[in-house]
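Novice: Right, I'll just put the structure down here and ask away after.
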Amino acid sequence: MRITLLGRIINCVIEKCIYIKHLFFVTFSLNSMHLKNILKVTPYQDIRKKIWIKLGNKIGERAYINNSINLIDTPDLEVNVILGNGVATAPGITFITCSAPNDSIIRTSEKTKRYIKTGTIEIGDDTWIGANCVIQPGVKIGKCCIIGSMSNVTKDIPDYSLAYGNPAKIVRKIEL
């Protein structure tokens, strides 16, 4: 795949290639690193959604992928992140689906394997994730939850919960 930038950023389509109008032509090899960089900076919600899906994630209807989202993913998972219907994400969220060091001996040592975590992150319908949160591997956040800004979510959060902190703790149940 290739990405072409031409003229001002006016029109964007992602299918077999990405075509963005800009002032000059630039051609890149389109890999997941390029897609993640575009995901962080593009002002267009439709493009962010298409990149999100292209990177191996699932997104429900009315879900909002904000800019400046960080995705630390792994090819070992079929689906890295699942966002339900109506999920709202604020800027600066980091989704971590694999916590292993790259090619370090720590990764291959039998004594340290228990510290390495990999898992799909699932966010339930109509949940709101605040700015600069970190969601750890394998965490499931239920439906209609609110996760406060700058929280580090290390464990599952049940439906209808307000949680925040480092590590995130359930503060109260939400009544709708």
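Letters A, B, ... go to the chains of the structure tokens in the order shown; residues in each chain start at 1; ligands are counted from 1 in the same order.
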Would you give me, as a list of chain:residue names, the residues in stretch 76-169 of chain A that DSSP reads as strand (DSSP E or B)?

Specialist: A:Val81, A:Ile82, A:Leu83, A:Ala88, A:Thr89, A:Thr94, A:Phe95, A:Ile96, A:Cys98, A:Thr118, A:Ile121, A:Glu122, A:Ile123, A:Trp128, A:Ile129, A:Val134, A:Ile135, A:Lys140, A:Ile141, A:Ile146, A:Ile147, A:Asn152, A:Val153, A:Ile157, A:Ser161, A:Leu162, A:Ala163, A:Tyr164, A:Lys169

Novice: Give the answer as one residue: which of A:Lys50, A:Ile65, A:Thr120, A:Pro101 has the shortest atom-to-atom distance to A:Val79, using only C-alpha atoms?

Specialist: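 Closest candidate: A:Thr120.
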
Novice: As an exercise, work out the distance from atom CA of A:Pro137 to atom CA of A:Leu39 in Å and give it to one decimal place.

Specialist: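 Distance between the two atoms: 20.2 Å.
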
Novice: Could you tell me which of A:Cys145, A:Ile82, A:Ile72, A:Ile170 comes closest to A:Asn102 if we count only C-alpha atoms?

Specialist: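 Distance minimum relative to A:Asn102 lands on A:Ile72.
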
Novice: Extract, using only C-alpha atoms, all DNA, RNA and protein residues at most 12 Å from A:Glu78, discarding same-chain residues fewer than 4 positions from it, and format them as a PyMOL selection string.

Specialist: chain A and resi 53+55-58+73-74+82+97+118-121

Novice: Keeping only N, CA and C atoms, write those residues as a PDB file, in the first residue's frame.

Specialist:
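Just written: again-v2.pdb:
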ATOM      1  N   ILE A  53      -9.950   0.541  12.149  1.00  0.00           N
ATOM      2  CA  ILE A  53     -10.362  -0.781  11.643  1.00  0.00           C
ATOM      3  C   ILE A  53      -9.214  -1.441  10.887  1.00  0.00           C
ATOM      4  N   LEU A  55      -6.134  -1.187  11.399  1.00  0.00           N
ATOM      5  CA  LEU A  55      -5.121  -1.652  12.352  1.00  0.00           C
ATOM      6  C   LEU A  55      -5.577  -2.882  13.142  1.00  0.00           C
ATOM      7  N   GLY A  56      -6.738  -3.433  12.813  1.00  0.00           N
ATOM      8  CA  GLY A  56      -7.176  -4.676  13.459  1.00  0.00           C
ATOM      9  C   GLY A  56      -8.028  -4.468  14.688  1.00  0.00           C
ATOM     10  N   ASN A  57      -8.817  -3.422  14.697  1.00  0.00           N
ATOM     11  CA  ASN A  57      -9.698  -3.139  15.823  1.00  0.00           C
ATOM     12  C   ASN A  57     -11.146  -3.159  15.353  1.00  0.00           C
ATOM     13  N   LYS A  58     -12.073  -3.229  16.292  1.00  0.00           N
ATOM     14  CA  LYS A  58     -13.496  -3.175  15.962  1.00  0.00           C
ATOM     15  C   LYS A  58     -14.080  -1.925  16.608  1.00  0.00           C
ATOM     16  N   ASP A  73      -0.099  -2.047  20.058  1.00  0.00           N
ATOM     17  CA  ASP A  73      -0.781  -3.284  19.714  1.00  0.00           C
ATOM     18  C   ASP A  73       0.208  -4.411  19.443  1.00  0.00           C
ATOM     19  N   THR A  74      -0.340  -5.567  19.111  1.00  0.00           N
ATOM     20  CA  THR A  74       0.477  -6.732  18.818  1.00  0.00           C
ATOM     21  C   THR A  74      -0.155  -7.511  17.667  1.00  0.00           C
ATOM     22  N   ILE A  82     -11.725  -3.436  21.066  1.00  0.00           N
ATOM     23  CA  ILE A  82     -13.127  -3.448  20.650  1.00  0.00           C
ATOM     24  C   ILE A  82     -13.820  -2.291  21.354  1.00  0.00           C
ATOM     25  N   THR A  97      -2.163  -3.288  24.320  1.00  0.00           N
ATOM     26  CA  THR A  97      -2.645  -4.670  24.246  1.00  0.00           C
ATOM     27  C   THR A  97      -1.523  -5.682  24.438  1.00  0.00           C
ATOM     28  N   THR A 118      -0.674  -9.847  27.485  1.00  0.00           N
ATOM     29  CA  THR A 118      -1.236  -9.588  26.161  1.00  0.00           C
ATOM     30  C   THR A 118      -2.726  -9.885  26.231  1.00  0.00           C
ATOM     31  N   GLY A 119      -3.537  -9.016  25.666  1.00  0.00           N
ATOM     32  CA  GLY A 119      -4.972  -9.271  25.666  1.00  0.00           C
ATOM     33  C   GLY A 119      -5.754  -8.182  24.969  1.00  0.00           C
ATOM     34  N   THR A 120      -6.898  -8.569  24.435  1.00  0.00           N
ATOM     35  CA  THR A 120      -7.798  -7.637  23.762  1.00  0.00           C
ATOM     36  C   THR A 120      -8.464  -6.735  24.792  1.00  0.00           C
ATOM     37  N   ILE A 121      -8.517  -5.454  24.497  1.00  0.00           N
ATOM     38  CA  ILE A 121      -9.208  -4.480  25.344  1.00  0.00           C
ATOM     39  C   ILE A 121     -10.630  -4.338  24.818  1.00  0.00           C
TER      40      ILE A 121
END

Novice: What lies within 10 Å of A:Val171 using only C-alpha atoms, ignoring chain neighbours under 6 positions off, as a PyMOL selection string?

Specialist: chain A and resi 161-165

Novice: Generate a file of the selected residues that holds N, CA, C and O atoms, formatted as a short mmCIF file (atom, residue, chain, number, x, y, z; two decimals), in the first residue's frame.

Specialist:
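Result file follows (again.cif):
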data_model
loop_
_atom_site.label_atom_id
_atom_site.label_comp_id
_atom_site.auth_asym_id
_atom_site.auth_seq_id
_atom_site.Cartn_x
_atom_site.Cartn_y
_atom_site.Cartn_z
N SER A 161 -20.35 2.08 36.05
CA SER A 161 -19.40 2.47 37.09
C SER A 161 -18.68 3.76 36.74
O SER A 161 -18.38 4.02 35.58
N LEU A 162 -18.39 4.54 37.76
CA LEU A 162 -17.51 5.70 37.65
C LEU A 162 -16.20 5.29 38.30
O LEU A 162 -16.19 4.87 39.47
N ALA A 163 -15.10 5.35 37.55
CA ALA A 163 -13.81 4.93 38.08
C ALA A 163 -12.74 5.94 37.67
O ALA A 163 -12.79 6.50 36.59
N TYR A 164 -11.78 6.15 38.57
CA TYR A 164 -10.63 6.99 38.23
C TYR A 164 -9.50 6.71 39.19
O TYR A 164 -9.68 6.06 40.22
N GLY A 165 -8.31 7.21 38.84
CA GLY A 165 -7.14 7.07 39.69
C GLY A 165 -6.06 6.21 39.07
O GLY A 165 -6.17 5.72 37.95
#

Novice: Looking at A:Ile123, A:Ile38, A:Leu77, A:Ile96, which one is nearest to A:Asp159, with distances taken over only C-alpha atoms?

Specialist: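 Closest candidate: A:Ile123.
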
Novice: Using only C-alpha atoms, can you tell me which of A:Asn80, A:Asn67, A:Asn132, A:Thr127 comes closest to A:Ile93?

Specialist: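 Closest residue, counting only C-alpha atoms: A:Asn132.
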
Novice: According to DSSP computed on the backbone, where in stretch 68-167 of chain A is there alpha helix (DSSP H)? Give the residues as a JSON list (two decimals) with N, CA, C and O atoms, in the first residue's frame.

Specialist:
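Result file result20.json:
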[["chain", "number", "residue", "atom", "x", "y", "z"],
["A", 105, "ILE", "N", 16.08, -9.67, 26.52],
["A", 105, "ILE", "CA", 16.15, -11.02, 27.12],
["A", 105, "ILE", "C", 15.07, -11.20, 28.18],
["A", 105, "ILE", "O", 14.69, -12.31, 28.51],
["A", 106, "ILE", "N", 14.55, -10.09, 28.68],
["A", 106, "ILE", "CA", 13.45, -10.17, 29.65],
["A", 106, "ILE", "C", 12.24, -10.85, 29.02],
["A", 106, "ILE", "O", 11.53, -11.61, 29.67],
["A", 107, "ARG", "N", 12.02, -10.61, 27.74],
["A", 107, "ARG", "CA", 10.87, -11.19, 27.05],
["A", 107, "ARG", "C", 10.98, -12.71, 26.94],
["A", 107, "ARG", "O", 9.97, -13.42, 26.99],
["A", 108, "THR", "N", 12.16, -13.23, 26.77],
["A", 108, "THR", "CA", 12.34, -14.66, 26.55],
["A", 108, "THR", "C", 12.67, -15.45, 27.81],
["A", 108, "THR", "O", 12.68, -16.68, 27.77]]

Novice: Would you mind telling me which residue in A:Gly84, A:Val134, A:Ser104, A:Val139 lies nearest to A:Lys155 when using only C-alpha atoms?

Specialist: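 Looking at the shortest contact to A:Lys155, the residue is A:Val139.
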
Novice: Give me, as number ranges by chain, all polymer residues having an atom no more than 9 Å from A:Lys49, counting only C-alpha atoms and skipping those fewer than 5 positions away in the same chain.

Specialist: A: 39, 44, 54, 59, 63-65

Novice: What is the distance between atom CA of A:Thr94 and atom CA of A:Asn70, in Å to one decimal?

Specialist: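 Atom CA of A:Asn70 lies at a distance of 4.5 Å from atom CA of A:Thr94.
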
Novice: Go ahead and compute the interatomic distance for atom CA of A:Ile157 and atom CA of A:Glu61, in Å to one decimal.

Specialist: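 Result for atom CA of A:Ile157 versus atom CA of A:Glu61: 21.6 Å, one decimal.
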
Novice: Which of these, A:Asp103, A:Cys98, A:Ile135, A:Lys143, has the shortest distance to A:Lys117 once you count only C-alpha atoms?

Specialist: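 Between A:Asp103, A:Cys98, A:Ile135, A:Lys143, the residue approaching A:Lys117 most closely is A:Cys98.
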